[in-house]
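For reference, model.txt (compact mmCIF, N, CA and C atoms):
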# COMPACT_ATOMS: atom_id res chain seq x y z
N MET A 1 5.11 -27.30 17.83
CA MET A 1 6.38 -27.65 18.42
C MET A 1 7.49 -27.41 17.40
N VAL A 2 8.31 -26.44 17.68
CA VAL A 2 9.46 -26.13 16.83
C VAL A 2 10.71 -26.53 17.59
N PRO A 3 11.41 -27.56 17.12
CA PRO A 3 12.57 -28.06 17.86
C PRO A 3 13.60 -26.97 18.19
N GLU A 4 13.82 -26.05 17.26
CA GLU A 4 14.82 -25.01 17.49
C GLU A 4 14.45 -24.05 18.63
N LEU A 5 13.16 -24.03 18.98
CA LEU A 5 12.72 -23.13 20.05
C LEU A 5 12.74 -23.80 21.42
N SER A 6 13.25 -25.00 21.48
CA SER A 6 13.39 -25.66 22.77
C SER A 6 14.78 -26.27 22.85
N SER A 7 15.77 -25.36 22.82
CA SER A 7 17.15 -25.81 22.90
C SER A 7 17.91 -24.90 23.86
N ALA A 8 19.03 -25.38 24.33
CA ALA A 8 19.86 -24.58 25.23
C ALA A 8 20.36 -23.32 24.51
N ARG A 9 20.66 -23.44 23.23
CA ARG A 9 21.14 -22.29 22.45
C ARG A 9 20.07 -21.19 22.38
N PHE A 10 18.83 -21.57 22.11
CA PHE A 10 17.74 -20.61 22.05
C PHE A 10 17.50 -19.99 23.43
N ASP A 11 17.45 -20.82 24.46
CA ASP A 11 17.23 -20.32 25.81
C ASP A 11 18.30 -19.31 26.21
N GLU A 12 19.55 -19.58 25.85
CA GLU A 12 20.64 -18.65 26.19
C GLU A 12 20.48 -17.33 25.44
N ALA A 13 20.10 -17.40 24.17
CA ALA A 13 19.91 -16.18 23.38
C ALA A 13 18.81 -15.31 23.99
N VAL A 14 17.74 -15.95 24.47
CA VAL A 14 16.66 -15.20 25.11
C VAL A 14 17.12 -14.64 26.45
N ARG A 15 17.75 -15.46 27.25
CA ARG A 15 18.19 -15.04 28.59
C ARG A 15 19.18 -13.88 28.53
N THR A 16 20.11 -13.92 27.57
CA THR A 16 21.14 -12.89 27.48
C THR A 16 20.73 -11.73 26.56
N MET A 17 19.55 -11.87 25.93
CA MET A 17 19.06 -10.86 24.99
C MET A 17 20.09 -10.62 23.88
N LYS A 18 20.67 -11.70 23.40
CA LYS A 18 21.73 -11.66 22.40
C LYS A 18 21.36 -10.86 21.15
N TYR A 19 20.12 -10.88 20.75
CA TYR A 19 19.70 -10.23 19.51
C TYR A 19 18.91 -8.95 19.75
N GLN A 20 19.06 -8.35 20.92
CA GLN A 20 18.30 -7.15 21.26
C GLN A 20 18.55 -6.01 20.28
N ALA A 21 19.78 -5.81 19.85
CA ALA A 21 20.09 -4.73 18.90
C ALA A 21 19.33 -4.93 17.59
N PHE A 22 19.26 -6.16 17.12
CA PHE A 22 18.51 -6.46 15.90
C PHE A 22 17.03 -6.19 16.10
N VAL A 23 16.49 -6.62 17.22
CA VAL A 23 15.07 -6.39 17.53
C VAL A 23 14.78 -4.89 17.59
N ASP A 24 15.63 -4.14 18.26
CA ASP A 24 15.44 -2.68 18.37
C ASP A 24 15.49 -2.02 17.00
N ALA A 25 16.46 -2.41 16.17
CA ALA A 25 16.59 -1.82 14.83
C ALA A 25 15.38 -2.17 13.96
N SER A 26 14.90 -3.38 14.08
CA SER A 26 13.73 -3.80 13.31
C SER A 26 12.49 -3.02 13.74
N GLU A 27 12.33 -2.83 15.04
CA GLU A 27 11.19 -2.08 15.55
C GLU A 27 11.26 -0.62 15.10
N GLN A 28 12.44 -0.04 15.12
CA GLN A 28 12.61 1.34 14.68
C GLN A 28 12.29 1.48 13.20
N ALA A 29 12.75 0.54 12.40
CA ALA A 29 12.46 0.58 10.96
C ALA A 29 10.97 0.49 10.71
N MET A 30 10.28 -0.34 11.45
CA MET A 30 8.82 -0.47 11.31
C MET A 30 8.14 0.84 11.73
N ASP A 31 8.58 1.41 12.84
CA ASP A 31 7.99 2.66 13.32
C ASP A 31 8.20 3.80 12.32
N ASN A 32 9.32 3.80 11.62
CA ASN A 32 9.64 4.87 10.67
C ASN A 32 9.03 4.66 9.29
N SER A 33 8.38 3.53 9.09
CA SER A 33 7.81 3.24 7.78
C SER A 33 6.31 3.56 7.78
N SER A 34 5.72 3.41 6.63
CA SER A 34 4.28 3.62 6.51
C SER A 34 3.50 2.34 6.81
N ALA A 35 4.21 1.28 7.12
CA ALA A 35 3.57 -0.02 7.34
C ALA A 35 2.65 0.02 8.55
N THR A 36 1.52 -0.64 8.40
CA THR A 36 0.58 -0.75 9.51
C THR A 36 0.53 -2.18 10.04
N GLY A 37 1.29 -3.06 9.43
CA GLY A 37 1.34 -4.45 9.84
C GLY A 37 2.31 -5.19 8.95
N THR A 38 2.33 -6.50 9.08
CA THR A 38 3.21 -7.31 8.24
C THR A 38 2.37 -8.37 7.55
N PRO A 39 2.73 -8.80 6.38
CA PRO A 39 3.85 -8.28 5.60
C PRO A 39 3.52 -6.90 5.05
N ALA A 40 4.56 -6.16 4.75
CA ALA A 40 4.41 -4.83 4.17
C ALA A 40 5.54 -4.62 3.18
N MET A 41 5.31 -3.72 2.24
CA MET A 41 6.33 -3.44 1.25
C MET A 41 6.15 -2.03 0.73
N GLU A 42 7.27 -1.37 0.51
CA GLU A 42 7.27 -0.06 -0.14
C GLU A 42 8.13 -0.18 -1.40
N VAL A 43 7.75 0.52 -2.43
CA VAL A 43 8.54 0.57 -3.66
C VAL A 43 8.89 2.03 -3.89
N ASN A 44 10.16 2.32 -3.96
CA ASN A 44 10.64 3.71 -4.09
C ASN A 44 10.06 4.59 -2.98
N GLY A 45 9.94 4.03 -1.78
CA GLY A 45 9.46 4.79 -0.63
C GLY A 45 7.96 4.95 -0.56
N GLU A 46 7.25 4.36 -1.49
CA GLU A 46 5.79 4.46 -1.51
C GLU A 46 5.16 3.13 -1.10
N PRO A 47 4.20 3.18 -0.16
CA PRO A 47 3.54 1.93 0.22
C PRO A 47 2.67 1.41 -0.92
N LEU A 48 2.40 0.14 -0.89
CA LEU A 48 1.52 -0.45 -1.90
C LEU A 48 0.12 0.13 -1.76
N PRO A 49 -0.62 0.21 -2.86
CA PRO A 49 -2.01 0.66 -2.77
C PRO A 49 -2.79 -0.26 -1.83
N PRO A 50 -3.49 0.29 -0.83
CA PRO A 50 -4.15 -0.55 0.19
C PRO A 50 -5.06 -1.64 -0.37
N ARG A 51 -5.87 -1.32 -1.32
CA ARG A 51 -6.82 -2.32 -1.84
C ARG A 51 -6.16 -3.38 -2.70
N GLN A 52 -4.95 -3.13 -3.14
CA GLN A 52 -4.26 -4.08 -4.01
C GLN A 52 -3.12 -4.81 -3.30
N SER A 53 -2.81 -4.43 -2.08
CA SER A 53 -1.61 -4.97 -1.43
C SER A 53 -1.63 -6.49 -1.31
N ASP A 54 -2.77 -7.09 -1.00
CA ASP A 54 -2.79 -8.54 -0.88
C ASP A 54 -2.47 -9.21 -2.20
N SER A 55 -3.08 -8.72 -3.29
CA SER A 55 -2.79 -9.31 -4.60
C SER A 55 -1.33 -9.10 -4.98
N ILE A 56 -0.82 -7.89 -4.76
CA ILE A 56 0.56 -7.59 -5.15
C ILE A 56 1.54 -8.42 -4.35
N LEU A 57 1.32 -8.56 -3.07
CA LEU A 57 2.27 -9.31 -2.22
C LEU A 57 2.24 -10.81 -2.46
N TYR A 58 1.10 -11.34 -2.79
CA TYR A 58 0.97 -12.80 -2.83
C TYR A 58 0.85 -13.40 -4.23
N GLU A 59 0.74 -12.58 -5.25
CA GLU A 59 0.62 -13.08 -6.61
C GLU A 59 1.82 -12.59 -7.42
N LYS A 60 2.68 -13.50 -7.81
CA LYS A 60 3.94 -13.15 -8.46
C LYS A 60 3.74 -12.23 -9.67
N HIS A 61 2.78 -12.53 -10.52
CA HIS A 61 2.60 -11.72 -11.73
C HIS A 61 2.13 -10.30 -11.40
N TYR A 62 1.33 -10.14 -10.35
CA TYR A 62 0.92 -8.79 -9.93
C TYR A 62 2.11 -8.00 -9.40
N LEU A 63 2.94 -8.65 -8.61
CA LEU A 63 4.12 -7.98 -8.04
C LEU A 63 5.07 -7.54 -9.15
N THR A 64 5.34 -8.43 -10.08
CA THR A 64 6.23 -8.10 -11.19
C THR A 64 5.67 -6.92 -11.99
N SER A 65 4.41 -6.96 -12.30
CA SER A 65 3.78 -5.88 -13.07
C SER A 65 3.81 -4.56 -12.30
N TYR A 66 3.52 -4.63 -11.00
CA TYR A 66 3.51 -3.40 -10.19
C TYR A 66 4.90 -2.78 -10.13
N ILE A 67 5.92 -3.59 -9.91
CA ILE A 67 7.28 -3.05 -9.81
C ILE A 67 7.70 -2.44 -11.15
N ARG A 68 7.37 -3.09 -12.23
CA ARG A 68 7.71 -2.52 -13.55
C ARG A 68 6.99 -1.18 -13.77
N THR A 69 5.74 -1.10 -13.37
CA THR A 69 4.98 0.14 -13.53
C THR A 69 5.59 1.26 -12.70
N VAL A 70 5.91 0.98 -11.45
CA VAL A 70 6.48 1.99 -10.57
C VAL A 70 7.87 2.39 -11.04
N ALA A 71 8.66 1.43 -11.48
CA ALA A 71 10.03 1.71 -11.91
C ALA A 71 10.06 2.60 -13.16
N SER A 72 9.06 2.46 -13.99
CA SER A 72 9.04 3.25 -15.23
C SER A 72 8.37 4.61 -15.06
N ALA A 73 7.83 4.87 -13.91
CA ALA A 73 7.13 6.15 -13.68
C ALA A 73 8.11 7.28 -13.41
Written as structure tokens, that's how I'd like the structure from this file.
Amino acid sequence: MVPELSSARFDEAVRTMKYQAFVDASEQAMDNSSATGTPAMEVNGEPLPPRQSDSILYEKHYLTSYIRTVASA
């Protein structure tokens, strides 16, 4: 139960499709990327190495090290 998802403001946004342009742009960005799901990340246009993506995305020290390595290449 998320209180914000049961309000007149939320219902109106859904009914009027207030954020449709944002949704469309987000979907287009996903379609144009190499991402196969979320979360996903590219560094300098390159997707994360598949076998390392979980460690890189969820472990701060791996992410920092990976970005430094890619940036210096």
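Going from CA of Met30 in chain A over to CA of Asn44 in chain A, you cover 16.1 Å.
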Checklist entry - Which of chain A counts as strand (DSSP E or B) under DSSP, as a PyMOL selection string please? => result chain A and resi 42-43+46-47
Item to check | helix (DSSP H, G or I) positions in chain A, given as a PyMOL selection string | outcome: chain A and resi 3-5+8-16+20-31+53-58+60-71
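When the distance limit is 12 Å and only C-alpha atoms are what count, the residues near range 48-65 of chain A, minus those fewer than 4 positions from it on the same chain, are Ser34, Ala35, Thr36, Gly37, Thr38, Pro39, Ala40, Met41, Glu42, Val43, Asn44, Thr69, Val70, Ala71 and Ser72 of chain A.
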Would you compute an axis-aligned box for range 22-35 of chain A, covering every atom listed for it in the file with 3 Å of margin on each side, and report centre and edge lengths in Å to one decimal as AutoDock Vina command-line options?
--center_x 11.0 --center_y -0.9 --center_z 12.4 --size_x 22.6 --size_y 17.5 --size_z 17.9
Could you add N, CA, C and O atoms to range 5-21 of chain A and give me the result as a short mmCIF file (atom, residue, chain, number, x, y, z; two decimals), in the frame of the given file?
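The resulting file, selection17.cif, is reproduced below:
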data_model
loop_
_atom_site.label_atom_id
_atom_site.label_comp_id
_atom_site.auth_asym_id
_atom_site.auth_seq_id
_atom_site.Cartn_x
_atom_site.Cartn_y
_atom_site.Cartn_z
N LEU A 5 13.16 -24.03 18.98
CA LEU A 5 12.72 -23.13 20.05
C LEU A 5 12.74 -23.80 21.42
O LEU A 5 12.31 -23.21 22.41
N SER A 6 13.25 -25.00 21.48
CA SER A 6 13.39 -25.66 22.77
C SER A 6 14.78 -26.27 22.85
O SER A 6 14.96 -27.47 22.92
N SER A 7 15.77 -25.36 22.82
CA SER A 7 17.15 -25.81 22.90
C SER A 7 17.91 -24.90 23.86
O SER A 7 17.50 -23.78 24.14
N ALA A 8 19.03 -25.38 24.33
CA ALA A 8 19.86 -24.58 25.23
C ALA A 8 20.36 -23.32 24.51
O ALA A 8 20.44 -22.25 25.11
N ARG A 9 20.66 -23.44 23.23
CA ARG A 9 21.14 -22.29 22.45
C ARG A 9 20.07 -21.19 22.38
O ARG A 9 20.36 -20.01 22.56
N PHE A 10 18.83 -21.57 22.11
CA PHE A 10 17.74 -20.61 22.05
C PHE A 10 17.50 -19.99 23.43
O PHE A 10 17.37 -18.77 23.56
N ASP A 11 17.45 -20.82 24.46
CA ASP A 11 17.23 -20.32 25.81
C ASP A 11 18.30 -19.31 26.21
O ASP A 11 18.00 -18.27 26.81
N GLU A 12 19.55 -19.58 25.85
CA GLU A 12 20.64 -18.65 26.19
C GLU A 12 20.48 -17.33 25.44
O GLU A 12 20.69 -16.25 26.01
N ALA A 13 20.10 -17.40 24.17
CA ALA A 13 19.91 -16.18 23.38
C ALA A 13 18.81 -15.31 23.99
O ALA A 13 18.93 -14.09 24.06
N VAL A 14 17.74 -15.95 24.47
CA VAL A 14 16.66 -15.20 25.11
C VAL A 14 17.12 -14.64 26.45
O VAL A 14 16.92 -13.45 26.74
N ARG A 15 17.75 -15.46 27.25
CA ARG A 15 18.19 -15.04 28.59
C ARG A 15 19.18 -13.88 28.53
O ARG A 15 19.11 -12.95 29.31
N THR A 16 20.11 -13.92 27.57
CA THR A 16 21.14 -12.89 27.48
C THR A 16 20.73 -11.73 26.56
O THR A 16 21.48 -10.76 26.43
N MET A 17 19.55 -11.87 25.93
CA MET A 17 19.06 -10.86 24.99
C MET A 17 20.09 -10.62 23.88
O MET A 17 20.33 -9.49 23.46
N LYS A 18 20.67 -11.70 23.40
CA LYS A 18 21.73 -11.66 22.40
C LYS A 18 21.36 -10.86 21.15
O LYS A 18 22.21 -10.20 20.57
N TYR A 19 20.12 -10.88 20.75
CA TYR A 19 19.70 -10.23 19.51
C TYR A 19 18.91 -8.95 19.75
O TYR A 19 18.21 -8.47 18.86
N GLN A 20 19.06 -8.35 20.92
CA GLN A 20 18.30 -7.15 21.26
C GLN A 20 18.55 -6.01 20.28
O GLN A 20 17.63 -5.30 19.91
N ALA A 21 19.78 -5.81 19.85
CA ALA A 21 20.09 -4.73 18.90
C ALA A 21 19.33 -4.93 17.59
O ALA A 21 18.80 -3.97 17.02
#
